[in-house]
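*Asks:* Quick one: this structure, given as structure tokens, is what I'll be asking you about.
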Amino acid sequence: MNGIYGWLAEASRDQKRTLLAASLGWMLDSMDVMLYALVLGQVQREMHLSAAMSGAMMSATLVSAAIGGLGFGWFADRYGRVRALTFSVLVYSISTALCGFSHSAAQLMLCRVLLGLGMGGEWASGAALVAETWPARHRGKALAVVQSSWAVGYALGAAIVALVMPRFGWRAVFFVGIAPALITLWLQRGLREPEIWRQERTPQLHAGQLFRGALGRNVLICATMNAATLFAWWGLFTWVPRFLSQPVAEGGHGLSIVQTSAWTIVMQVGTFLGYIVFGYLADRFSRKYTYIGYLLMATLLVPLFAFVRNPNALLLIGPLVGFFGTGYFSGFSVIASELFPTSLRASAMGFVYNIGRVLSAAAPYIIGHISEHAGLSYALCITSAAFLLAALIATALRLPAIPSTA
């Protein structure tokens, strides 16, 4: 056990607080995504939304997140990772609560767009903060812990829906989303900017250089690779709760909202382990080939998940889909953080991650639209091709032989 957790025990107070802050921010970000996914069916019925329009709501959130990620990435490089993290959490927390007050598709769309601005900024600022605080030999594990909090938030969102919605309705579910705003005071008072950022906060490079030479190549590879994985992820996991709760006669599994929430929590156990295991494999062996391996496994597992009808088999395959179909995100954060210099790190990470969000924003809509004609099982299999494309793009990565925080 000491060998597994020794790296965490030897960490400094600032490193631990940074890790906790970034993890909480990402966890609460994930919680909001789960809240929307699980109340989607009821919102559709009450507001008379088509499956395509419901998917378009998530697509609009992703486009907004891209804009927020670009803006907050620039802000983090200029004014600090801690400030950017704090403000982004505050924005998406308040916007989540406002979703509960919406009474029309237009109002809900506006709330989701505002929410996306904060959601997009959280990843780049939090990942850059952790990457610059932790040494290279433990960076994969540290960023894996941050990414693993997504699974915790997803499970937390499922638990909140199971407890709140049957008693108080879907609006009350969103009101719980104001809770993240309470941690922003702690974020402001308890964190310090990384020493390397304080030393190099005066840019030695300007943003335009991100698109030239070796940096431009890294931007192109990371952005397209991440676009493919995000298309696969949003296309698959936006619709998994609906796939589980949809009547059997319509190609689903006919689970109740409580059963769907419980099943989702089980699936997130696999997701959590996928994130954590990736960090250890990446620090021990290779970031690049661990990343590619996860994507290839996800490519194979998604069709099995989409067409299996035996509940016991589904319960086995689901956590594996979570393990491989989400765990690779631990790799993207460490890969992206090591490809770009400190003075442009948050801007670069915000750009490559959130341009990927823009390009992937159509996924929920496309899957929803195809499901109306071919069924969800066939629609979900489109994401398998996207996982394979990402793996092929990742073969072009050229990572530094000796990772550095510089």
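In the structure tokens, chains take the letters A, B, ... in the order shown, each chain's residues start at 1, and ligands count up from 1 in the order shown.
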For the contact check between range 90-192 of chain A and range 334-356 of chain A, emit one row per residue of range 90-192 of chain A within 10 Å, containing the shortest atom pair and the distance in Å rounded to one decimal, counting only C-alpha atoms, chain then rising number order, as CSV.
*Replies:*
```
residue,atom,partner,partner_atom,distance
A:Gly120,CA,A:Asn354,CA,6.9
A:Gly121,CA,A:Gly350,CA,7.3
A:Glu122,CA,A:Gly350,CA,9.3
A:Trp123,CA,A:Gly350,CA,7.7
A:Ala124,CA,A:Gly350,CA,5.0
A:Ser125,CA,A:Ala346,CA,6.1
A:Gly126,CA,A:Ala346,CA,9.1
A:Ala127,CA,A:Ser337,CA,7.6
A:Ala128,CA,A:Ala346,CA,5.8
A:Leu129,CA,A:Ala346,CA,8.7
A:Val130,CA,A:Ser337,CA,9.5
A:Ala131,CA,A:Ser337,CA,6.4
A:Glu132,CA,A:Thr342,CA,8.1
A:Ala136,CA,A:Glu338,CA,9.0
A:Arg139,CA,A:Val334,CA,7.0
A:Gly140,CA,A:Val334,CA,5.9
A:Lys141,CA,A:Val334,CA,9.2
A:Ala142,CA,A:Val334,CA,9.2
A:Leu143,CA,A:Val334,CA,6.6
A:Ala144,CA,A:Val334,CA,8.5
```
*Asks:* With a distance cut-off of 10 Å and only C-alpha atoms, select the neighbouring residues of Leu220 in chain A, excluding the residue or stretch itself and same-chain residues fewer than 6 positions from it, and output the selection as an mmCIF file with N, CA and C atoms, in the first residue's frame.
*Replies:*
```cif
data_model
loop_
_atom_site.group_PDB
_atom_site.id
_atom_site.type_symbol
_atom_site.label_atom_id
_atom_site.label_comp_id
_atom_site.auth_asym_id
_atom_site.auth_seq_id
_atom_site.Cartn_x
_atom_site.Cartn_y
_atom_site.Cartn_z
ATOM 1 N N LEU A 210 1.756 29.461 -31.336
ATOM 2 C CA LEU A 210 1.157 28.146 -31.142
ATOM 3 C C LEU A 210 0.844 27.463 -32.473
ATOM 4 N N PHE A 211 0.719 28.240 -33.518
ATOM 5 C CA PHE A 211 0.281 27.692 -34.800
ATOM 6 C C PHE A 211 1.427 27.621 -35.820
ATOM 7 N N ALA A 214 6.954 23.375 -34.672
ATOM 8 C CA ALA A 214 6.683 22.201 -33.843
ATOM 9 C C ALA A 214 5.461 22.411 -32.957
ATOM 10 N N ASN A 226 -8.250 15.009 -29.788
ATOM 11 C CA ASN A 226 -9.214 15.243 -28.722
ATOM 12 C C ASN A 226 -10.622 15.427 -29.272
ATOM 13 N N VAL A 352 -6.579 23.447 -27.487
ATOM 14 C CA VAL A 352 -6.676 22.110 -28.083
ATOM 15 C C VAL A 352 -7.825 21.308 -27.489
ATOM 16 N N ILE A 393 -4.750 8.933 -34.965
ATOM 17 C CA ILE A 393 -4.122 10.257 -34.887
ATOM 18 C C ILE A 393 -3.037 10.278 -33.815
#
```
*Asks:* Give me the residues near Gly25 in chain A as an MDAnalysis selection string, where near means some atom within 10 Å (using only C-alpha atoms) and where sequence neighbours in that chain fewer than 2 positions away do not count.
*Replies:* chainID A and resid 20:23 27:31 85:86 88:90 119 122:123 126 146 149:150 153 180 183:184 187
*Asks:* Those same residues - N, CA and C atoms - I'd like them written as a tab-separated table (two decimals), in the first residue's frame.
*Replies:*
```tsv
chain	number	residue	atom	x	y	z
A	20	LEU	N	-6.42	18.68	-4.60
A	20	LEU	CA	-7.79	18.65	-4.09
A	20	LEU	C	-8.66	19.69	-4.77
A	21	ALA	N	-8.13	20.89	-4.94
A	21	ALA	CA	-8.91	21.97	-5.55
A	21	ALA	C	-9.29	21.63	-6.99
A	22	ALA	N	-8.30	21.19	-7.78
A	22	ALA	CA	-8.58	20.84	-9.18
A	22	ALA	C	-9.53	19.65	-9.27
A	23	SER	N	-9.38	18.70	-8.36
A	23	SER	CA	-10.24	17.52	-8.36
A	23	SER	C	-11.68	17.89	-8.03
A	27	MET	N	-14.81	17.39	-10.45
A	27	MET	CA	-15.88	16.52	-9.95
A	27	MET	C	-17.24	17.20	-10.07
A	28	LEU	N	-17.30	18.47	-9.69
A	28	LEU	CA	-18.57	19.19	-9.72
A	28	LEU	C	-18.98	19.52	-11.15
A	29	ASP	N	-18.01	19.70	-12.03
A	29	ASP	CA	-18.28	19.86	-13.45
A	29	ASP	C	-18.99	18.61	-13.97
A	30	SER	N	-18.43	17.45	-13.64
A	30	SER	CA	-19.02	16.18	-14.06
A	30	SER	C	-20.41	15.97	-13.47
A	31	MET	N	-20.58	16.36	-12.23
A	31	MET	CA	-21.87	16.20	-11.58
A	31	MET	C	-22.97	16.89	-12.38
A	85	LEU	N	-9.46	29.24	-12.19
A	85	LEU	CA	-10.18	28.09	-11.66
A	85	LEU	C	-11.35	28.53	-10.80
A	86	THR	N	-11.11	29.50	-9.95
A	86	THR	CA	-12.15	30.00	-9.04
A	86	THR	C	-13.32	30.60	-9.80
A	88	SER	N	-14.22	30.19	-12.94
A	88	SER	CA	-14.93	29.24	-13.80
A	88	SER	C	-15.90	28.38	-12.99
A	89	VAL	N	-15.47	27.93	-11.80
A	89	VAL	CA	-16.35	27.13	-10.94
A	89	VAL	C	-17.57	27.94	-10.52
A	90	LEU	N	-17.35	29.21	-10.20
A	90	LEU	CA	-18.45	30.07	-9.78
A	90	LEU	C	-19.48	30.24	-10.89
A	119	MET	N	-17.79	25.87	-17.46
A	119	MET	CA	-17.35	24.48	-17.58
A	119	MET	C	-16.10	24.37	-18.44
A	122	GLU	N	-12.72	25.47	-16.59
A	122	GLU	CA	-12.26	24.73	-15.42
A	122	GLU	C	-11.15	23.75	-15.76
A	123	TRP	N	-11.27	23.03	-16.89
A	123	TRP	CA	-10.30	21.98	-17.19
A	123	TRP	C	-8.91	22.54	-17.44
A	126	GLY	N	-7.34	24.10	-14.18
A	126	GLY	CA	-7.05	23.09	-13.17
A	126	GLY	C	-5.93	22.16	-13.58
A	146	VAL	N	-7.00	13.80	-10.62
A	146	VAL	CA	-7.92	14.88	-11.02
A	146	VAL	C	-8.98	14.32	-11.96
A	149	SER	N	-11.82	12.19	-10.55
A	149	SER	CA	-12.91	12.87	-9.84
A	149	SER	C	-14.12	13.07	-10.74
A	150	TRP	N	-13.90	12.97	-12.08
A	150	TRP	CA	-15.04	13.02	-13.00
A	150	TRP	C	-16.00	11.86	-12.72
A	153	GLY	N	-17.89	12.56	-9.54
A	153	GLY	CA	-18.95	13.54	-9.79
A	153	GLY	C	-20.12	12.94	-10.55
A	180	PRO	N	-21.45	23.96	-5.63
A	180	PRO	CA	-20.04	24.24	-5.94
A	180	PRO	C	-19.61	25.67	-5.67
A	183	ILE	N	-17.45	26.37	-2.56
A	183	ILE	CA	-16.02	26.04	-2.44
A	183	ILE	C	-15.13	27.13	-3.03
A	184	THR	N	-15.71	28.10	-3.75
A	184	THR	CA	-14.87	29.11	-4.38
A	184	THR	C	-14.14	29.96	-3.35
A	187	LEU	N	-11.16	28.04	-2.45
A	187	LEU	CA	-10.20	28.04	-3.55
A	187	LEU	C	-9.38	29.32	-3.56
```
*Asks:* Compare A:Thr271, A:Thr290, A:Ser377, A:Thr224 by their minimum atom-to-atom distance to Leu244 in chain A, counting only C-alpha atoms, and give me the closest one.
*Replies:*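 Comparing A:Thr271, A:Thr290, A:Ser377, A:Thr224 against Leu244 in chain A, the winner is A:Ser377.
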*Asks:* For CA of Leu156 in chain A and CA of Ala37 in chain A, determine how far apart the two atoms are, in Å to one decimal place.
*Replies:*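 Distance reported for this atom pair: 13.0 Å.
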*Asks:* Got a sec: who's within 8 Å of Ile221 in chain A, counting only C-alpha atoms, leaving out chain neighbours fewer than 6 positions off, as a list in words?
*Replies:*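 My reading of the contact set: Ile393, Ala394, Ala396 and Leu397 of chain A.
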*Asks:* Generate the output file for the selected residues, N, CA and C atoms, as an mmCIF file, in the first residue's frame.
*Replies:*
```
data_model
loop_
_atom_site.group_PDB
_atom_site.id
_atom_site.type_symbol
_atom_site.label_atom_id
_atom_site.label_comp_id
_atom_site.auth_asym_id
_atom_site.auth_seq_id
_atom_site.Cartn_x
_atom_site.Cartn_y
_atom_site.Cartn_z
ATOM 1 N N ILE A 393 -4.750 8.933 -34.965
ATOM 2 C CA ILE A 393 -4.122 10.257 -34.887
ATOM 3 C C ILE A 393 -3.037 10.278 -33.815
ATOM 4 N N ALA A 394 -3.289 9.600 -32.700
ATOM 5 C CA ALA A 394 -2.342 9.600 -31.577
ATOM 6 C C ALA A 394 -1.002 8.967 -31.934
ATOM 7 N N ALA A 396 0.850 9.793 -34.192
ATOM 8 C CA ALA A 396 1.738 10.856 -34.676
ATOM 9 C C ALA A 396 2.333 11.694 -33.543
ATOM 10 N N LEU A 397 1.965 11.428 -32.298
ATOM 11 C CA LEU A 397 2.476 12.214 -31.161
ATOM 12 C C LEU A 397 3.992 12.050 -31.016
#
```
*Asks:* Restricting the calculation to only C-alpha atoms, which member of A:Val152, A:Ile276, A:Ala56, A:Leu399 is positioned closest to Leu215 in chain A?
*Replies:*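 That would be A:Leu399, the residue with the smallest distance to Leu215 in chain A.
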*Asks:* Considering only C-alpha atoms, can you say which of A:Phe272, A:Tyr92, A:Phe285, A:Trp233 comes closest to Ala385 in chain A?
*Replies:*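 Using only C-alpha atoms, the shortest distance to Ala385 in chain A belongs to A:Trp233.
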*Asks:* Can you pull out every residue from range 161-301 of chain A that DSSP, working from the backbone, puts in alpha helix (DSSP H), and format the result as a ChimeraX atom specification?
*Replies:* /A:161-168,170-175,184-190,195-199,213-237,240-245,257-284,287-301
*Asks:* What are the nearest atom pairs, with distances in Å to one decimal, for all residues of range 186-242 of chain A that come at most 12 Å from range 44-54 of chain A, using only C-alpha atoms, set out by chain and rising residue number as JSON lines?
*Replies:*
```
{"residue": "A:Thr238", "atom": "CA", "partner": "A:Ser54", "partner_atom": "CA", "distance": 10.0}
{"residue": "A:Trp239", "atom": "CA", "partner": "A:Ala51", "partner_atom": "CA", "distance": 9.9}
{"residue": "A:Arg242", "atom": "CA", "partner": "A:Ala51", "partner_atom": "CA", "distance": 10.1}
```
*Asks:* I need the chosen residues saved as a CSV table (one decimal), in the first residue's frame, with N, CA and C atoms.
*Replies:*
```csv
chain,number,residue,atom,x,y,z
A,238,THR,N,-23.8,10.9,-23.3
A,238,THR,CA,-25.0,11.7,-23.2
A,238,THR,C,-26.2,10.8,-23.3
A,239,TRP,N,-26.1,9.8,-24.1
A,239,TRP,CA,-27.3,9.0,-24.3
A,239,TRP,C,-27.4,7.6,-23.6
A,242,ARG,N,-30.4,7.4,-21.2
A,242,ARG,CA,-31.6,7.2,-22.0
A,242,ARG,C,-31.7,5.8,-22.6
```
*Asks:* Excluding Ile292 in chain A and any residue of its chain fewer than 4 positions from it, enumerate the residues within 12 Å of it, using only C-alpha atoms, and give them as a PyMOL selection string.
*Replies:* chain A and resi 225+229+278+282+286-288+296-299+324-325+327-329+331-332+387-397
*Asks:* For each of A:Ile196, A:Val358, A:Val161, A:Leu295, take the minimum atom-to-atom distance to Ile257 in chain A, counting only C-alpha atoms, then give the residue where this is smallest.
*Replies:*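 Smallest separation from Ile257 in chain A among the options: A:Val161.
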*Asks:* Looking at A:Leu281, A:Gly118, A:Arg398, A:Leu108, which one is nearest to Arg171 in chain A, with distances taken over only C-alpha atoms?
*Replies:*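 So, comparing all the options, the nearest one is A:Leu108.
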*Asks:* Point out the residue among A:Phe72, A:Ser104, A:Ile67, A:Phe174 with the least atom-to-atom distance to Tyr36 in chain A, counting only C-alpha atoms.
*Replies:*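 With only C-alpha atoms as the atom set, the closest residue is A:Phe174.
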